[in-house]
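A.B. asks: Structure in structure tokens, see below.
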Amino acid sequence: MKHYAIISLIACSTAISACGGSGGSSNGQAGAASQSTPQVSNPTQPDPQPATQSLTFKEQAASRGLGFSSDFSADYMQMPRHFAGGAASGDIDGDGDIDLVVVRGDTQANLLFINDGGIFTERAMPALALPNGGTSNYKLSGPTLADIDGDKDLDLFIGGADGHPSLIFSNDGSGIFTNVTTGSGLDTATSKNTISAAFGDYDKDGDLDLALAHWGTPRDRNAPGETETLWRNDSDANDIKFTAVSAPAGISATLIPGLQGVLGLDTDYTFAPNFADINDDGYPDLLSVSDFGGSKVYMNNKDGTFADVTDTTQITDSNGMGAAVGDYDNDGDLDWFVSSINGNRLYNNMNSTLIGVSETAGIERGGWGWGSCFADFDLDGHLDIYQTNGWPDSLDDRTHLWMSNGQGAFTDQAEETGIDDNQQGRGIVCADFNGDRDIDVLLLLSNTSPAALLWENTLPSNNSVSVTLNGPSPNTHAIGSRVYVTTDETTQMRDVAIGSNFTSHNPTEQIFGLGSSELIDELKIVWPDGTQITRSDIAANQDLTFTHPDY
């Protein structure tokens, strides 16, 4: 269990300005903000160590309690059985550790792992009564944790695959889940496959809306109707409810590219959605990774609709699978990495336009890619990229760890760091599982035993901080906030998001690598409602929690 240094704003005056906020725009521009130093208690690592580059990983799944297998029944739809499943991550029971929900095949029970100081205990029954096992052959994919009803705990969405309906579970705050799918609106969904999910407040009404990917679902490209890609959250304190709005939002009409795929012409081939504010106007846009040349960039029109602004001269991933969103070049905006069979793609955000820079970045040759994430694995202040691969007939299933040189280029160091493998990787979670403020990797393997690898980061030094946000209801995890950390005249930005790596997602806790810096010169938070706070002179090597004044 983590011990956080709580930087609370509740004790401030009810006026936002008295707490250091400005109510300015949410694009990260500095406003009139307090420069006061926070009162910090219980730092968990008081003495920062000298910087080093000796990054190594050690596989620890079994010893940490994550030894399990996965399997698919013979009647599972032929293609989705090779990639459905996944893991959701977040603090389910409120103790500060990152817990997991794992979906694995359809012949064995699905799993709920509670983390206690880096050791996981499985307790799905009766805490999470999922349809599972050989009796029902219930097929699921893309589990995702988010506070859907605004009561401060993480609820659970799981996509239905091979014709099975998707599911919604409400958390009682202690990690006990109740199935509330009936009457939620999602029980009316007709998509054959729901592979991955993402949450974000696209309409700025305060609650979290839902984006879904439906690879292998038949569509009419000329009249697709409601593709069930975007769902508006209409929940209240008593009921979780969603409304399908892809058609009126303008997404359905442009989603199906009309390109020939393995299942034919008229098929939805989307794999991994992410809400991301690409043009810094405070409204989340939608990035949709799709197979067979169908990846899309949807710009939010700020009126409940989206415009397809995909530039096919730049968005060129021909078989997009997994995704990562982050500011890899530390210029203050969000970039997009797409793992793709016929060459990975890195799209650099240049003045709100995504430009392909894959060759110069050095990440193009990636094999048969699936899950990916941006994370600062060596804590040097620059985001790196982890990418897993695998397909039964592929000759290049090697994991890649693209380490940033800090100048926009990457070098694969998977072998040098010990994280390389050539197994059938699919979903991934990049998170601090053992509470030491560096990034570990959970890798899920397809149809195998063991079905998970837990790569524990054993970096012996470099300084860092973790940042957790508490927002006002209903967006209590402050999804859509941006956190800026400045040290030695370098500013890093993190976007607090619940997006899809591929069938899996990272938690909302943010880890900032500080290199040899022992002090944060300035830490700034821009909340989704535009409130800003700024704090200065924060010591490194702490777990920090910031609370919105209206929480």
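By convention in this document, the chains of the structure tokens carry letters A, B, ... by their order, each chain's residues are numbered from 1, and ligands are numbered from 1 in the order they are shown.
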Compile the contact shell of Ser246 (chain A) as an MDAnalysis selection string: residues with an atom at most 10 Å away, counting only C-alpha atoms, same-chain residues fewer than 2 positions apart removed.
C.D. replies: chainID A and resid 211 225:232 243:244 248:253 255 305:306
A.B. asks: For Gly173 (chain A), work out the shell of residues within 8 Å, counting only C-alpha atoms and skipping chain neighbours fewer than 3 positions away, then give it as a PyMOL selection string.
C.D. replies: chain A and resi 92-94+152-154+176
A.B. asks: If we count only C-alpha atoms and set the cut-off at 6 Å, which residues sit around Asp155 (chain A), ignoring sequence neighbours fewer than 4 positions away in its own chain? Please answer as a list in words.
C.D. replies: Leu145, Ala146, Asp147, Phe169, Ser170 and Asn171 of chain A
A.B. asks: Quick one: of A:Pro392, A:Ile168, A:Gln423, A:Phe72, who's nearest to Phe242 (chain A), counting only C-alpha atoms?
C.D. replies: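 Selected residue with least distance to Phe242 (chain A): A:Ile168.
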A.B. asks: Per DSSP on the backbone, what are the helix (DSSP H, G or I) residues of region 356-550 of chain A, as a list in words?
C.D. replies: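 Here are the helix (DSSP H, G or I) residues of region 356-550 of chain A: Ser358, Glu359, Thr360, Ala361, Ala414, Glu415, Glu416 and Thr417 of chain A.
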A.B. asks: Taking N, CA, C and O atoms for each residue, export the selection above as a PDB file, in the first residue's frame.
C.D. replies:
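Written file, part35.pdb:
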ATOM      1  N   SER A 358       7.988   8.380 -38.685  1.00  0.00           N
ATOM      2  CA  SER A 358       8.381   7.035 -38.279  1.00  0.00           C
ATOM      3  C   SER A 358       9.818   6.704 -38.642  1.00  0.00           C
ATOM      4  O   SER A 358      10.576   6.150 -37.833  1.00  0.00           O
ATOM      5  N   GLU A 359      10.223   7.013 -39.853  1.00  0.00           N
ATOM      6  CA  GLU A 359      11.557   6.625 -40.294  1.00  0.00           C
ATOM      7  C   GLU A 359      12.640   7.370 -39.524  1.00  0.00           C
ATOM      8  O   GLU A 359      13.622   6.776 -39.073  1.00  0.00           O
ATOM      9  N   THR A 360      12.480   8.665 -39.363  1.00  0.00           N
ATOM     10  CA  THR A 360      13.495   9.430 -38.630  1.00  0.00           C
ATOM     11  C   THR A 360      13.516   9.055 -37.152  1.00  0.00           C
ATOM     12  O   THR A 360      14.562   9.142 -36.505  1.00  0.00           O
ATOM     13  N   ALA A 361      12.359   8.617 -36.619  1.00  0.00           N
ATOM     14  CA  ALA A 361      12.301   8.208 -35.214  1.00  0.00           C
ATOM     15  C   ALA A 361      12.925   6.837 -34.997  1.00  0.00           C
ATOM     16  O   ALA A 361      13.315   6.493 -33.874  1.00  0.00           O
ATOM     17  N   ALA A 414      15.474  -3.787 -26.059  1.00  0.00           N
ATOM     18  CA  ALA A 414      14.793  -4.871 -25.352  1.00  0.00           C
ATOM     19  C   ALA A 414      15.771  -5.950 -24.910  1.00  0.00           C
ATOM     20  O   ALA A 414      15.727  -6.430 -23.768  1.00  0.00           O
ATOM     21  N   GLU A 415      16.663  -6.338 -25.806  1.00  0.00           N
ATOM     22  CA  GLU A 415      17.612  -7.396 -25.462  1.00  0.00           C
ATOM     23  C   GLU A 415      18.577  -6.938 -24.387  1.00  0.00           C
ATOM     24  O   GLU A 415      18.859  -7.677 -23.424  1.00  0.00           O
ATOM     25  N   GLU A 416      19.086  -5.719 -24.502  1.00  0.00           N
ATOM     26  CA  GLU A 416      20.064  -5.218 -23.546  1.00  0.00           C
ATOM     27  C   GLU A 416      19.484  -5.087 -22.136  1.00  0.00           C
ATOM     28  O   GLU A 416      20.205  -5.225 -21.142  1.00  0.00           O
ATOM     29  N   THR A 417      18.192  -4.828 -22.037  1.00  0.00           N
ATOM     30  CA  THR A 417      17.573  -4.612 -20.728  1.00  0.00           C
ATOM     31  C   THR A 417      16.918  -5.860 -20.152  1.00  0.00           C
ATOM     32  O   THR A 417      16.396  -5.829 -19.038  1.00  0.00           O
TER      33      THR A 417
END
A.B. asks: What is the distance between CA of Asp291 (chain A) and CA of Leu395 (chain A), in Å to one decimal?
C.D. replies: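 Between these atoms lies a distance of 19.8 Å.
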A.B. asks: Write out as number ranges by chain the residues lying within 8 Å of region 259-272 of chain A, counting only C-alpha atoms and excluding same-chain residues fewer than 5 positions away.
C.D. replies: A: 195-197, 212-221, 288-295, 320-323, 500-503
A.B. asks: Run DSSP on the backbone and tell me which residues of region 173-315 of chain A come out as strand (DSSP E); list them as a PyMOL selection string.
C.D. replies: chain A and resi 177-179+196-200+209-213+217-218+230-233+242-244+267-268+270-276+285-290+296-300+306-308
A.B. asks: Do you know which residues are at most 6 Å from Leu469 (chain A) counting only C-alpha atoms, after dropping those on the same chain fewer than 2 positions away, and could you put them as a list in words?
C.D. replies: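 In the requested form, the answer reads Thr545, Phe546 and Thr547 of chain A.
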A.B. asks: Suppose we keep C-alpha atoms; can you now write the selection as a CSV table (one decimal), in the first residue's frame?
C.D. replies:
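This is the output file selection_27.csv:
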chain,number,residue,atom,x,y,z
A,545,THR,CA,-1.8,13.5,-4.5
A,546,PHE,CA,-3.5,16.7,-5.6
A,547,THR,CA,-7.2,17.4,-4.9
A.B. asks: Which residues are near Asp236 (chain A)? Cut-off 9 Å, only C-alpha atoms, ignore same chain within fewer than 5 positions. Put them as a VMD selection string.
C.D. replies: chain A and resid 149 to 150 241 474
A.B. asks: Nearest to Ser449 (chain A) among A:Ala61, A:Val526, A:Ile148, A:Ile114, with distances taken over only C-alpha atoms: which residue is it?
C.D. replies: A:Ala61
A.B. asks: Which residues are near Trp370 (chain A)? Cut-off 9 Å, only C-alpha atoms, ignore same chain within fewer than 2 positions. Put them as a count of residues only.
C.D. replies: 20
A.B. asks: Here is a test: counting only C-alpha atoms, which residue of A:Val338, A:Ala375, A:Leu445, A:Leu519 is nearest to Ala84 (chain A)?
C.D. replies: A:Leu445
A.B. asks: With distances taken over only C-alpha atoms, which of A:Ile525, A:Leu459, A:Val496, A:Ala452 is nearest to Gly67 (chain A)?
C.D. replies: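 For Gly67 (chain A), the nearest of the given residues is A:Ala452.
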A.B. asks: Could you tell me how far CA of Ala307 (chain A) lies from CA of Thr353 (chain A), in Å and to one decimal?
C.D. replies: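 These atoms are spaced 13.5 Å apart.
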A.B. asks: What is the distance, in Å and to one decimal place, between CA of Thr194 (chain A) and CA of Phe433 (chain A)?
C.D. replies: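 If I compute the distance from CA of Thr194 (chain A) to CA of Phe433 (chain A), I get 27.3 Å.
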A.B. asks: So, with only C-alpha atoms as the atoms that count, which of A:Leu453, A:Leu514, A:Ile158, A:Cys373 lies closest to Asp335 (chain A)?
C.D. replies: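 Closest residue, counting only C-alpha atoms: A:Cys373.
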